[in-house]
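Here's the structure we're looking at; comments come further down.
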Amino acid sequence: MMNREVNKQYSSGEVLAPPTERYTVLGWLKKNLFSTWYYTLLTLVTLYVLYAVLKPTLFWALKQAEWEVVVVNLRLFMVGQYPADQIFRIWIALHLLAFTAGLAWAIWLPKARRIGAFLLLIPLGLAALPFISGFSRLNWILFDIFALAGWGLGIWKPKAMRRPLIWLLLAYFPILILLILGVEPILKIVKTNLWGGLLLTMLLAVVGITVSFPLGILLALGRQSKLPIVKGFSVLYIEIIRGVPLVTVLFMAQLMLPLFLPPQIKIDNVLRAMAGIILFAAAYMAENVRGGLQAIPKGQHEAAWALGLSGFQTMYYIILPQALRNVIPVIVGQFIALFKDTSLVAIVGLLDLLGIASTVLAQPEFIGHQREVYLFIALIYWVFSYAMSYASRRLEVALGVGER
Amino acid sequence: MSEASVVQVKTTPEDLLNLPEEKRRAAIEQKEMPIVLAHEVHKWYGNFHVLRGINMEVFKGEVIVIFGPSGSGKSTFIRTINRLEEYQKGKIIVDGIELSRDVRNIEKIRMETGMVFQQFNLFPHLTVMQNITLAPIHVRKWPKAKAEEVALQLLARVGIPDQADKYPGQLSGGQQQRVAIARALAMQPKIMLFDEPTSALDPEMIKEVLDVMIELAESGMTMLVVTHEMGFARAVADRMYFFDQGQIVESGTPEEIFTNPKEDRTKLFLSQILH
């Protein structure tokens with residue numbers, strides 16, 4: 001009976017909407033968790049395990065843990081020993097970032113308003129934390145204001161702002177370094193041995209990511225080159241670096257490099273760690289990009305050549321844009337790994353987030369607070385890693401237009 | 001190599017290359033000298049002898065159809081003309097320029113020859129408009145406005161004036177191939193190479209592409225077309241070449257080939273494709 005009706009509708013040539021399934025909460029629970037006796041059993045067992053694990057964890061986190069160690073040392077965790085009277089420079093860098101991000105959001109993701117608004121809540125939430133200084137509170141609010149200003153400008157003049165945005169993104173990196181390091185006589189130089197905590201972690205990661213990306217592309221192209229020396233060097237470099245752990249590269253940069261250089265030349269510790277991270281990441285980046293390059297069909301090269309495009313033009317306009325888009329997920333994965341890998345610089349004595357954690361734990365009044373401290377920094381790593389992963393998914397969607 | 005099968009051409013490479021530049025241009029323009037000359041072209045893939053002494057001359061404005069069984073070297077040959085494939089022996093002279101290892105010569109020749117592929121090979125990350133204007137802007141150095149104007153005219157000519165802002169993935173196969181033709185024409189080439197342009201198309205889309213090609217042939221474009229569309233050959237081809245096992249087995253006007261093929265292999269092949 002049912003079947004015949006369906007057939008009749010079909011043959012009448014009507015265009016039908018797809019069938020929709022709607023559930024109430026209870027209906028959903030019943031269908032997915034309690035539909036058979038063994039589903040019910042599994043659900044109950046899972047609930048019990050969750051309860052057994054979460055109860056003591058939450059009890060510890062809310063009742064027993066002494067979060068004072070984090071609150072008291074918050075500035076150390078965030079900026080290390082960066083002089084307190086110079087912290088406004090970091091805020092300026094952050095506000096500029098907020099402005100740029102707001103502008104970029106308006107131009108590239110104009111439709112994602114709700115998520116943008118949600119992101120604006122995070123600084124407000126931070127401003128509402130009970131234990132931060134009034135200065136920080138004010139600045140987190142300013143952060144949102146700058147982000148909104150950038151966003152408003154982008155919405156108001158999306159076409160005209162496209163080019164300034166690119167310039168701002170390119171200029172941000174040098175500006176950041178000048179702000180943090182300082183330029184005599186306008187801004188007092190802050191030596192890199194005072195950089196620390198999240199600030200240092202972020203700087204290592206951002207510099208590592210921004211510089212290793214173009215370097216990796218060059219190496220990938222070099223590996224595909226027909227010139228034997230270029231190809232040989234690229235292959236040798238990539239294979240050597242990929243065969244060595246990052247810790248080793250960092251140790252080499254810290255301990256071995258001075259042996260090769262004349263004693264007058266002293267390279268800064270942070271700079272050496274940065275160089276190590278960049279050189280290491282570039283080799284992996286090269287292999288990821290190569291994967292993308294190889295996935296482009298030969299016909300794309302041929303069509304470009306047949307039109308008279310040179311080898312460089314073919315790469316720049318046709319092959320690289322497609323290859324890079326294909327490997328965004330892999331590259332972001334690598335960036336996240338790189339961000340977390342920067343914690344290895346603690347081993348060579350830099351006071352990044354992890355390095356600061358061990359100095360904080362050495363303070364006599366906070367001995368034995370490992371759980372609070374490590375949980376706190378783990379949370380920070382997670383927040384940033386998840387944000388990157390989320391941003392990459394949005395980027396894929398935004399760039400996916402016209403995909404075959 | 002069976003002697004009888006090798007088609008001879010009148011012009012030698014020396015005839016063409018020894019002429020001073022201006023006279024050569026004039027002779028090609030006057031159809032006294034060929035715009036494409038292949039002389040004893042040989043090519044090997046490893047030990048496999050793919051092209052076994054190809055001789056061909058094509059004069060300005062001629063439409064040449066190349067056909068033959070798969071693996072006969074017909075696609076390979078047409079791809080040597082714009083140097084997508086190298087050859088090891090012989091000479092190819094296109095528009096008075098000898099194809100050699102010199103990159104500048106190759107780029108010059110590629111600017112004068114447009115190519116349409118079996119698989120379209122449109123650039124999927126660019127819009128139709130960007131696909132067409134890319135080479136004129138970056139190779140011919142035209143201003144963007146001029147390139148876009150030409151592109152719109154060409155899109156109208158191939159019958160899809162309203163698809164400029166779409167991406168290739170949003171078009172049907174027939175439309176994609178017509179965009180590919182417009183993209184090749186945008187460089188204003190003197191010679192158009194077609195490598196099985198309808199073989200990857202659904203049957204109902206073949207005609208729309210062939211119609212564009214026929215219109216192009218009638219407008220006086222020099223065309224080398226690898227195809228099995230015998231209707232197209234009958235309608236517009238000046239000469240046809242039958243390739244088998246890396247050689248030209250037979251050549252002639254469509255009339256000669258269809259009504260009175262001389263070689264047994266040609267007869268057999270034609271009987272197989274014309275049911």
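We label chains A, B, ... in the order they appear in the structure tokens, count residues from 1 in each chain, and number ligands from 1 in the order shown.
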Each chain A residue no farther than 12 Å from chain B, nearest pair in Å, only C-alpha atoms, as JSON lines:
```
{"residue": "A:Ile296", "atom": "CA", "partner": "B:Phe123", "partner_atom": "CA", "distance": 10.7}
{"residue": "A:Pro297", "atom": "CA", "partner": "B:Asn121", "partner_atom": "CA", "distance": 8.9}
{"residue": "A:Lys298", "atom": "CA", "partner": "B:Asn121", "partner_atom": "CA", "distance": 9.1}
{"residue": "A:Gly299", "atom": "CA", "partner": "B:Asn121", "partner_atom": "CA", "distance": 5.6}
{"residue": "A:Gln300", "atom": "CA", "partner": "B:Asn121", "partner_atom": "CA", "distance": 5.8}
{"residue": "A:His301", "atom": "CA", "partner": "B:Asn121", "partner_atom": "CA", "distance": 8.9}
{"residue": "A:Glu302", "atom": "CA", "partner": "B:Leu84", "partner_atom": "CA", "distance": 6.8}
{"residue": "A:Ala303", "atom": "CA", "partner": "B:Asn121", "partner_atom": "CA", "distance": 6.0}
{"residue": "A:Ala304", "atom": "CA", "partner": "B:Ala135", "partner_atom": "CA", "distance": 8.2}
{"residue": "A:Trp305", "atom": "CA", "partner": "B:Arg110", "partner_atom": "CA", "distance": 7.4}
{"residue": "A:Ala306", "atom": "CA", "partner": "B:Arg110", "partner_atom": "CA", "distance": 5.6}
{"residue": "A:Leu307", "atom": "CA", "partner": "B:Arg110", "partner_atom": "CA", "distance": 6.2}
{"residue": "A:Gly308", "atom": "CA", "partner": "B:Arg110", "partner_atom": "CA", "distance": 4.9}
{"residue": "A:Leu309", "atom": "CA", "partner": "B:Val139", "partner_atom": "CA", "distance": 6.2}
{"residue": "A:Ser310", "atom": "CA", "partner": "B:Glu107", "partner_atom": "CA", "distance": 7.5}
{"residue": "A:Gly311", "atom": "CA", "partner": "B:Glu107", "partner_atom": "CA", "distance": 10.2}
{"residue": "A:Phe312", "atom": "CA", "partner": "B:His138", "partner_atom": "CA", "distance": 11.3}
{"residue": "A:Gln313", "atom": "CA", "partner": "B:His138", "partner_atom": "CA", "distance": 8.1}
{"residue": "A:Thr314", "atom": "CA", "partner": "B:Ala135", "partner_atom": "CA", "distance": 10.1}
{"residue": "A:Tyr316", "atom": "CA", "partner": "B:His138", "partner_atom": "CA", "distance": 11.4}
{"residue": "A:Tyr317", "atom": "CA", "partner": "B:Leu134", "partner_atom": "CA", "distance": 8.5}
{"residue": "A:Ile318", "atom": "CA", "partner": "B:Phe123", "partner_atom": "CA", "distance": 6.9}
{"residue": "A:Ile319", "atom": "CA", "partner": "B:Phe123", "partner_atom": "CA", "distance": 9.2}
{"residue": "A:Leu320", "atom": "CA", "partner": "B:His125", "partner_atom": "CA", "distance": 10.7}
{"residue": "A:Pro321", "atom": "CA", "partner": "B:His125", "partner_atom": "CA", "distance": 7.7}
{"residue": "A:Gln322", "atom": "CA", "partner": "B:His125", "partner_atom": "CA", "distance": 6.6}
{"residue": "A:Ala323", "atom": "CA", "partner": "B:His125", "partner_atom": "CA", "distance": 10.4}
{"residue": "A:Leu324", "atom": "CA", "partner": "B:His125", "partner_atom": "CA", "distance": 11.4}
{"residue": "A:Arg325", "atom": "CA", "partner": "B:His125", "partner_atom": "CA", "distance": 9.5}
{"residue": "A:Asn326", "atom": "CA", "partner": "B:His125", "partner_atom": "CA", "distance": 11.1}
{"residue": "A:Leu399", "atom": "CA", "partner": "B:His125", "partner_atom": "CA", "distance": 9.3}
{"residue": "A:Gly400", "atom": "CA", "partner": "B:His125", "partner_atom": "CA", "distance": 9.0}
{"residue": "A:Val401", "atom": "CA", "partner": "B:His125", "partner_atom": "CA", "distance": 8.0}
{"residue": "A:Gly402", "atom": "CA", "partner": "B:Tyr167", "partner_atom": "CA", "distance": 5.1}
{"residue": "A:Glu403", "atom": "CA", "partner": "B:Gly169", "partner_atom": "CA", "distance": 6.4}
{"residue": "A:Arg404", "atom": "CA", "partner": "B:Gly169", "partner_atom": "CA", "distance": 4.7}
```
Self-check item: Contacts of Ile380 (chain A) within 12 Å, only C-alpha atoms, excl. fewer than 3 positions in-chain, as a ChimeraX atom specification
Solution: /A:77-78,197-199,201-202,339-340,353-354,373-377,383-387
Quiz item: Given the choices A:Glu396, A:Thr342, A:Leu350, A:Ala286, which gets closest to Asn269 (chain A) if the distance is worked out from only C-alpha atoms?
Solution: A:Leu350
Exercise. Enumerate the residues of region 13-253 of chain B with a DSSP assignment of alpha helix (DSSP H), computed from the backbone, and present them as a ChimeraX atom specification.
Key: /B:13-18,21-29,74-81,103-112,128-138,144-157,173-185,203-218,230-236
Those residues you just picked out, can you put them in a file as an mmCIF file, in the first residue's frame with C-alpha atoms?
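Contents of again22.cif, as written:
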```cif
data_model
loop_
_atom_site.group_PDB
_atom_site.id
_atom_site.type_symbol
_atom_site.label_atom_id
_atom_site.label_comp_id
_atom_site.auth_asym_id
_atom_site.auth_seq_id
_atom_site.Cartn_x
_atom_site.Cartn_y
_atom_site.Cartn_z
ATOM 1 C CA PRO B 13 64.228 22.485 -44.221
ATOM 2 C CA GLU B 14 67.114 24.195 -45.999
ATOM 3 C CA ASP B 15 64.789 25.768 -48.563
ATOM 4 C CA LEU B 16 62.924 27.407 -45.731
ATOM 5 C CA LEU B 17 65.740 28.273 -43.355
ATOM 6 C CA ASN B 18 68.082 29.639 -46.038
ATOM 7 C CA GLU B 21 63.690 36.384 -42.561
ATOM 8 C CA GLU B 22 61.456 38.758 -44.529
ATOM 9 C CA LYS B 23 61.229 36.630 -47.645
ATOM 10 C CA ARG B 24 60.478 33.597 -45.491
ATOM 11 C CA ARG B 25 57.575 35.429 -43.829
ATOM 12 C CA ALA B 26 56.249 36.550 -47.208
ATOM 13 C CA ALA B 27 56.563 33.055 -48.670
ATOM 14 C CA ILE B 28 54.656 31.558 -45.736
ATOM 15 C CA GLU B 29 52.047 34.300 -46.042
ATOM 16 C CA LYS B 74 49.360 10.680 -33.955
ATOM 17 C CA SER B 75 48.977 12.464 -30.598
ATOM 18 C CA THR B 76 52.699 12.236 -29.968
ATOM 19 C CA PHE B 77 53.380 13.848 -33.321
ATOM 20 C CA ILE B 78 50.992 16.763 -32.830
ATOM 21 C CA ARG B 79 52.543 17.356 -29.400
ATOM 22 C CA THR B 80 56.029 17.600 -30.896
ATOM 23 C CA ILE B 81 54.873 20.614 -32.899
ATOM 24 C CA VAL B 103 64.061 27.814 -24.730
ATOM 25 C CA ARG B 104 63.435 31.155 -26.433
ATOM 26 C CA ASN B 105 62.502 29.445 -29.689
ATOM 27 C CA ILE B 106 60.168 27.087 -27.871
ATOM 28 C CA GLU B 107 58.408 29.970 -26.111
ATOM 29 C CA LYS B 108 58.114 31.897 -29.384
ATOM 30 C CA ILE B 109 56.536 28.928 -31.114
ATOM 31 C CA ARG B 110 54.180 28.275 -28.199
ATOM 32 C CA MET B 111 52.968 31.869 -28.464
ATOM 33 C CA GLU B 112 52.029 31.247 -32.116
ATOM 34 C CA VAL B 128 36.518 31.159 -17.040
ATOM 35 C CA MET B 129 37.513 34.798 -17.550
ATOM 36 C CA GLN B 130 40.808 34.331 -15.677
ATOM 37 C CA ASN B 131 41.523 31.136 -17.617
ATOM 38 C CA ILE B 132 41.223 33.022 -20.878
ATOM 39 C CA THR B 133 42.999 36.262 -19.925
ATOM 40 C CA LEU B 134 45.928 34.758 -17.985
ATOM 41 C CA ALA B 135 48.256 34.167 -20.948
ATOM 42 C CA PRO B 136 47.411 37.361 -22.877
ATOM 43 C CA ILE B 137 48.081 39.435 -19.744
ATOM 44 C CA HIS B 138 51.274 37.703 -18.620
ATOM 45 C CA LYS B 144 43.779 43.659 -18.367
ATOM 46 C CA ALA B 145 40.917 45.621 -19.921
ATOM 47 C CA LYS B 146 41.951 44.690 -23.453
ATOM 48 C CA ALA B 147 42.418 41.012 -22.529
ATOM 49 C CA GLU B 148 38.959 40.925 -20.934
ATOM 50 C CA GLU B 149 37.339 42.576 -23.926
ATOM 51 C CA VAL B 150 38.903 40.005 -26.257
ATOM 52 C CA ALA B 151 37.888 37.221 -23.893
ATOM 53 C CA LEU B 152 34.248 38.325 -23.935
ATOM 54 C CA GLN B 153 34.260 38.427 -27.731
ATOM 55 C CA LEU B 154 35.733 34.924 -27.855
ATOM 56 C CA LEU B 155 33.220 33.584 -25.345
ATOM 57 C CA ALA B 156 30.460 34.973 -27.537
ATOM 58 C CA ARG B 157 32.099 33.350 -30.567
ATOM 59 C CA GLY B 173 32.148 19.020 -20.653
ATOM 60 C CA GLY B 174 31.154 20.627 -23.928
ATOM 61 C CA GLN B 175 31.213 24.090 -22.377
ATOM 62 C CA GLN B 176 34.603 23.411 -20.798
ATOM 63 C CA GLN B 177 36.075 22.371 -24.122
ATOM 64 C CA ARG B 178 34.683 25.514 -25.761
ATOM 65 C CA VAL B 179 36.285 27.603 -23.014
ATOM 66 C CA ALA B 180 39.532 25.751 -23.728
ATOM 67 C CA ILE B 181 39.238 26.709 -27.402
ATOM 68 C CA ALA B 182 38.570 30.339 -26.445
ATOM 69 C CA ARG B 183 41.567 30.249 -24.091
ATOM 70 C CA ALA B 184 43.838 29.051 -26.905
ATOM 71 C CA LEU B 185 42.413 31.598 -29.358
ATOM 72 C CA PRO B 203 27.791 12.131 -27.246
ATOM 73 C CA GLU B 204 25.288 14.982 -27.040
ATOM 74 C CA MET B 205 28.071 17.516 -26.452
ATOM 75 C CA ILE B 206 30.315 16.558 -29.362
ATOM 76 C CA LYS B 207 28.343 18.578 -31.887
ATOM 77 C CA GLU B 208 28.585 21.882 -29.995
ATOM 78 C CA VAL B 209 32.375 21.578 -29.960
ATOM 79 C CA LEU B 210 32.604 20.455 -33.594
ATOM 80 C CA ASP B 211 30.425 23.396 -34.653
ATOM 81 C CA VAL B 212 32.904 25.785 -33.063
ATOM 82 C CA MET B 213 35.786 24.017 -34.797
ATOM 83 C CA ILE B 214 34.040 24.129 -38.165
ATOM 84 C CA GLU B 215 33.397 27.833 -37.765
ATOM 85 C CA LEU B 216 37.068 28.310 -36.912
ATOM 86 C CA ALA B 217 38.165 26.306 -39.955
ATOM 87 C CA GLU B 218 35.926 28.345 -42.216
ATOM 88 C CA MET B 230 34.968 11.670 -39.942
ATOM 89 C CA GLY B 231 32.002 13.987 -40.468
ATOM 90 C CA PHE B 232 34.182 16.896 -39.420
ATOM 91 C CA ALA B 233 36.970 15.712 -41.734
ATOM 92 C CA ARG B 234 34.611 15.412 -44.679
ATOM 93 C CA ALA B 235 33.174 18.875 -44.017
ATOM 94 C CA VAL B 236 36.300 20.988 -43.607
#
```
Quiz item: Tell me, which residues of region 81-238 of chain B carry DSSP strand (DSSP E or B), written as an MDAnalysis selection string?
Solution: chainID B and resid 89:94 97:98 113:116 191:195 222:226
Store the residues of this selection in a file with C-alpha atoms, as a compact mmCIF listing (two decimals), in the first residue's frame.
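Printed below is part.txt as written:
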```txt
# COMPACT_ATOMS: atom_id res chain seq x y z
CA LYS B 89 65.97 13.10 -35.04
CA GLY B 90 64.70 15.25 -37.88
CA LYS B 91 63.52 18.84 -38.05
CA ILE B 92 60.30 20.69 -37.31
CA ILE B 93 59.94 24.28 -38.47
CA VAL B 94 56.91 26.24 -37.28
CA ILE B 97 61.22 29.15 -36.55
CA GLU B 98 63.14 25.95 -36.07
CA THR B 113 50.37 27.85 -31.60
CA GLY B 114 47.25 27.25 -29.57
CA MET B 115 46.47 23.79 -28.27
CA VAL B 116 43.24 22.08 -27.25
CA ILE B 191 48.14 27.64 -35.81
CA MET B 192 45.69 25.63 -33.72
CA LEU B 193 46.48 22.09 -32.60
CA PHE B 194 43.61 19.85 -31.51
CA ASP B 195 44.50 16.61 -29.72
CA THR B 222 45.46 26.83 -39.87
CA MET B 223 44.45 23.71 -37.96
CA LEU B 224 45.98 20.33 -37.21
CA VAL B 225 43.32 18.07 -35.75
CA VAL B 226 43.79 14.58 -34.35
```
Exercise. Using CA of Phe59 (chain B) and CA of Gly159 (chain B) as the two end points, give the distance in Å to one decimal.
Key: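 Computing the Euclidean distance for CA of Phe59 (chain B) and CA of Gly159 (chain B) yields 28.5 Å.
Residues in contact with Phe269 (chain B) at 8 Å, where only C-alpha atoms are counted and same-chain residues fewer than 3 positions away are skipped, are listed as B:Gly68, B:Pro69, B:Arg265, B:Thr266, B:Gln272, B:Ile273.
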Since we have the selection now, will you write its residues out, keeping N, CA, C and O atoms, as a tab-separated table (two decimals), in the first residue's frame?
```
chain	number	residue	atom	x	y	z
B	68	GLY	N	44.01	7.54	-37.06
B	68	GLY	CA	44.72	6.27	-37.04
B	68	GLY	C	44.44	5.56	-35.73
B	68	GLY	O	43.88	6.14	-34.81
B	69	PRO	N	44.83	4.29	-35.64
B	69	PRO	CA	44.56	3.52	-34.43
B	69	PRO	C	45.30	4.09	-33.22
B	69	PRO	O	46.26	4.83	-33.39
B	265	ARG	N	45.70	-1.10	-45.07
B	265	ARG	CA	45.54	-0.75	-43.66
B	265	ARG	C	44.53	0.40	-43.50
B	265	ARG	O	43.76	0.44	-42.56
B	266	THR	N	44.57	1.36	-44.42
B	266	THR	CA	43.62	2.47	-44.38
B	266	THR	C	42.21	1.94	-44.57
B	266	THR	O	41.28	2.30	-43.83
B	272	GLN	N	36.43	-0.13	-40.03
B	272	GLN	CA	36.14	-0.35	-38.61
B	272	GLN	C	35.48	0.86	-37.96
B	272	GLN	O	34.67	0.72	-37.06
B	273	ILE	N	35.85	2.07	-38.37
B	273	ILE	CA	35.26	3.22	-37.68
B	273	ILE	C	34.03	3.78	-38.40
B	273	ILE	O	33.22	4.47	-37.79
```
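Proximity to Ala273 (chain A) at 10 Å, evaluated using only C-alpha atoms and with sequence-adjacent residues fewer than 2 positions away removed, yields Leu204, Gly208, Val249, Leu250, Phe251, Met252, Ala253, Gln254, Asp268, Asn269, Val270, Leu271, Ala275, Gly276, Ile277, Ile278, Leu279, Thr342, Leu344, Val345, Val348 and Leu350 of chain A.
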Next, the residues of the selection above should be written as a short mmCIF file (atom, residue, chain, number, x, y, z; two decimals), in the first residue's frame with N, CA, C and O atoms.
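The result, stored in part.cif:
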```cif
data_model
loop_
_atom_site.label_atom_id
_atom_site.label_comp_id
_atom_site.auth_asym_id
_atom_site.auth_seq_id
_atom_site.Cartn_x
_atom_site.Cartn_y
_atom_site.Cartn_z
N LEU A 204 58.45 32.29 18.95
CA LEU A 204 59.15 31.18 18.29
C LEU A 204 58.26 30.53 17.24
O LEU A 204 58.69 30.25 16.13
N GLY A 208 58.87 30.87 13.36
CA GLY A 208 59.13 29.57 12.75
C GLY A 208 58.18 29.31 11.59
O GLY A 208 58.60 28.92 10.50
N VAL A 249 68.79 19.20 16.69
CA VAL A 249 69.04 20.43 15.93
C VAL A 249 69.21 21.60 16.89
O VAL A 249 70.11 22.43 16.73
N LEU A 250 68.34 21.66 17.92
CA LEU A 250 68.43 22.76 18.89
C LEU A 250 69.76 22.72 19.63
O LEU A 250 70.41 23.75 19.83
N PHE A 251 70.18 21.53 20.06
CA PHE A 251 71.46 21.41 20.76
C PHE A 251 72.60 21.83 19.85
O PHE A 251 73.53 22.53 20.27
N MET A 252 72.52 21.39 18.58
CA MET A 252 73.55 21.78 17.61
C MET A 252 73.64 23.29 17.54
O MET A 252 74.72 23.87 17.59
N ALA A 253 72.45 23.93 17.42
CA ALA A 253 72.43 25.38 17.28
C ALA A 253 72.99 26.06 18.52
O ALA A 253 73.69 27.06 18.44
N GLN A 254 72.71 25.50 19.71
CA GLN A 254 73.16 26.15 20.94
C GLN A 254 74.62 25.88 21.25
O GLN A 254 75.36 26.77 21.66
N ASP A 268 72.74 35.51 19.57
CA ASP A 268 71.79 35.45 20.67
C ASP A 268 71.13 34.07 20.79
O ASP A 268 70.84 33.41 19.80
N ASN A 269 70.93 33.62 22.03
CA ASN A 269 70.35 32.30 22.27
C ASN A 269 69.00 32.10 21.61
O ASN A 269 68.74 31.07 21.00
N VAL A 270 68.14 33.10 21.78
CA VAL A 270 66.79 32.98 21.21
C VAL A 270 66.88 32.89 19.69
O VAL A 270 66.21 32.08 19.06
N LEU A 271 67.75 33.73 19.12
CA LEU A 271 67.91 33.73 17.67
C LEU A 271 68.37 32.36 17.18
O LEU A 271 67.90 31.85 16.15
N ALA A 275 66.48 29.94 14.63
CA ALA A 275 67.10 29.41 13.40
C ALA A 275 66.94 27.90 13.36
O ALA A 275 66.57 27.34 12.32
N GLY A 276 67.19 27.24 14.48
CA GLY A 276 67.05 25.79 14.52
C GLY A 276 65.64 25.35 14.16
O GLY A 276 65.44 24.46 13.33
N ILE A 277 64.66 26.02 14.76
CA ILE A 277 63.26 25.67 14.49
C ILE A 277 62.91 25.89 13.03
O ILE A 277 62.28 25.06 12.38
N ILE A 278 63.36 27.04 12.49
CA ILE A 278 63.06 27.37 11.10
C ILE A 278 63.65 26.31 10.16
O ILE A 278 62.97 25.76 9.29
N LEU A 279 64.94 26.02 10.36
CA LEU A 279 65.60 25.06 9.47
C LEU A 279 64.94 23.69 9.55
O LEU A 279 64.78 23.00 8.55
N THR A 342 57.84 23.89 20.02
CA THR A 342 58.69 24.96 20.54
C THR A 342 59.00 24.74 22.02
O THR A 342 59.97 25.28 22.54
N LEU A 344 60.33 22.40 23.27
CA LEU A 344 61.64 21.75 23.41
C LEU A 344 62.76 22.74 23.71
O LEU A 344 63.82 22.35 24.20
N VAL A 345 62.53 24.03 23.43
CA VAL A 345 63.61 25.00 23.70
C VAL A 345 63.86 25.10 25.20
O VAL A 345 64.91 25.57 25.62
N VAL A 348 67.11 23.50 26.12
CA VAL A 348 68.37 24.23 25.94
C VAL A 348 68.36 25.52 26.75
O VAL A 348 69.16 26.43 26.47
N LEU A 350 65.96 27.92 27.42
CA LEU A 350 65.14 29.11 27.21
C LEU A 350 63.90 29.02 28.10
O LEU A 350 63.43 27.94 28.42
#
```
Exercise. Rounded to one decimal place, report the CA of Glu239 (chain A)-CA of Ala205 (chain A) distance in Å.
Key: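 Taking CA of Glu239 (chain A) and CA of Ala205 (chain A), their separation equals 22.7 Å.
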Practice problem: Fewer than 5 positions away in the same chain doesn't count, so skip those; otherwise give me all residues within 12 Å of Leu219 (chain A), counting only C-alpha atoms, as number ranges by chain. | Solution: A: 212-214, 224-225, 230-239, 279, 281-290
Could you write out that same residue set with N, CA and C atoms as a tab-separated table (two decimals), in the first residue's frame?
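Output file again_39.tsv is given in full below:
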```tsv
chain	number	residue	atom	x	y	z
A	212	SER	N	59.58	29.49	7.78
A	212	SER	CA	59.78	28.15	7.21
A	212	SER	C	58.85	27.89	6.04
A	213	PHE	N	57.73	28.61	6.00
A	213	PHE	CA	56.75	28.38	4.91
A	213	PHE	C	57.34	28.70	3.53
A	214	PRO	N	57.81	29.94	3.29
A	214	PRO	CA	58.42	30.20	1.98
A	214	PRO	C	59.68	29.37	1.74
A	224	GLN	N	62.34	19.42	-7.12
A	224	GLN	CA	61.79	19.00	-8.42
A	224	GLN	C	62.56	19.59	-9.58
A	225	SER	N	63.58	20.40	-9.26
A	225	SER	CA	64.30	21.13	-10.30
A	225	SER	C	65.07	20.18	-11.21
A	230	VAL	N	71.02	22.29	-7.64
A	230	VAL	CA	69.87	22.74	-6.85
A	230	VAL	C	69.13	21.53	-6.29
A	231	LYS	N	68.87	20.57	-7.17
A	231	LYS	CA	68.14	19.38	-6.76
A	231	LYS	C	68.92	18.61	-5.70
A	232	GLY	N	70.21	18.42	-5.94
A	232	GLY	CA	71.05	17.68	-5.01
A	232	GLY	C	71.07	18.32	-3.64
A	233	PHE	N	71.24	19.65	-3.62
A	233	PHE	CA	71.28	20.34	-2.34
A	233	PHE	C	69.96	20.18	-1.60
A	234	SER	N	68.85	20.36	-2.33
A	234	SER	CA	67.54	20.27	-1.68
A	234	SER	C	67.31	18.88	-1.09
A	235	VAL	N	67.61	17.86	-1.89
A	235	VAL	CA	67.38	16.49	-1.42
A	235	VAL	C	68.25	16.23	-0.19
A	236	LEU	N	69.52	16.60	-0.27
A	236	LEU	CA	70.45	16.38	0.82
A	236	LEU	C	69.95	17.06	2.09
A	237	TYR	N	69.59	18.33	1.95
A	237	TYR	CA	69.14	19.11	3.09
A	237	TYR	C	67.91	18.48	3.73
A	238	ILE	N	66.92	18.19	2.89
A	238	ILE	CA	65.66	17.66	3.41
A	238	ILE	C	65.89	16.33	4.12
A	239	GLU	N	66.66	15.46	3.47
A	239	GLU	CA	66.84	14.13	4.04
A	239	GLU	C	67.67	14.17	5.32
A	279	LEU	N	64.94	26.02	10.36
A	279	LEU	CA	65.60	25.06	9.47
A	279	LEU	C	64.94	23.69	9.55
A	281	ALA	N	61.73	23.04	10.53
A	281	ALA	CA	60.37	23.05	9.98
A	281	ALA	C	60.38	23.13	8.46
A	282	ALA	N	61.38	23.84	7.90
A	282	ALA	CA	61.41	24.02	6.45
A	282	ALA	C	61.50	22.68	5.72
A	283	ALA	N	62.28	21.75	6.28
A	283	ALA	CA	62.44	20.46	5.62
A	283	ALA	C	61.11	19.71	5.57
A	284	TYR	N	60.36	19.75	6.68
A	284	TYR	CA	59.07	19.07	6.69
A	284	TYR	C	58.07	19.77	5.78
A	285	MET	N	58.11	21.12	5.83
A	285	MET	CA	57.23	21.89	4.95
A	285	MET	C	57.49	21.50	3.49
A	286	ALA	N	58.77	21.36	3.15
A	286	ALA	CA	59.13	21.03	1.76
A	286	ALA	C	58.48	19.72	1.34
A	287	GLU	N	58.51	18.72	2.22
A	287	GLU	CA	57.93	17.44	1.84
A	287	GLU	C	56.41	17.52	1.71
A	288	ASN	N	55.78	18.32	2.58
A	288	ASN	CA	54.33	18.50	2.45
A	288	ASN	C	53.97	19.17	1.14
A	289	VAL	N	54.72	20.23	0.82
A	289	VAL	CA	54.43	20.96	-0.42
A	289	VAL	C	54.68	20.06	-1.62
A	290	ARG	N	55.74	19.25	-1.54
A	290	ARG	CA	56.04	18.35	-2.66
A	290	ARG	C	54.87	17.40	-2.92
```
Practice problem: Would you kindly return, as number ranges by chain, each protein, DNA or RNA residue with an atom no farther than 12 Å from any atom of Leu120 (chain A), considering only C-alpha atoms and excluding same-chain residues fewer than 2 positions away? | Solution: A: 98, 101-102, 105, 113-118, 122-127, 140-148, 151
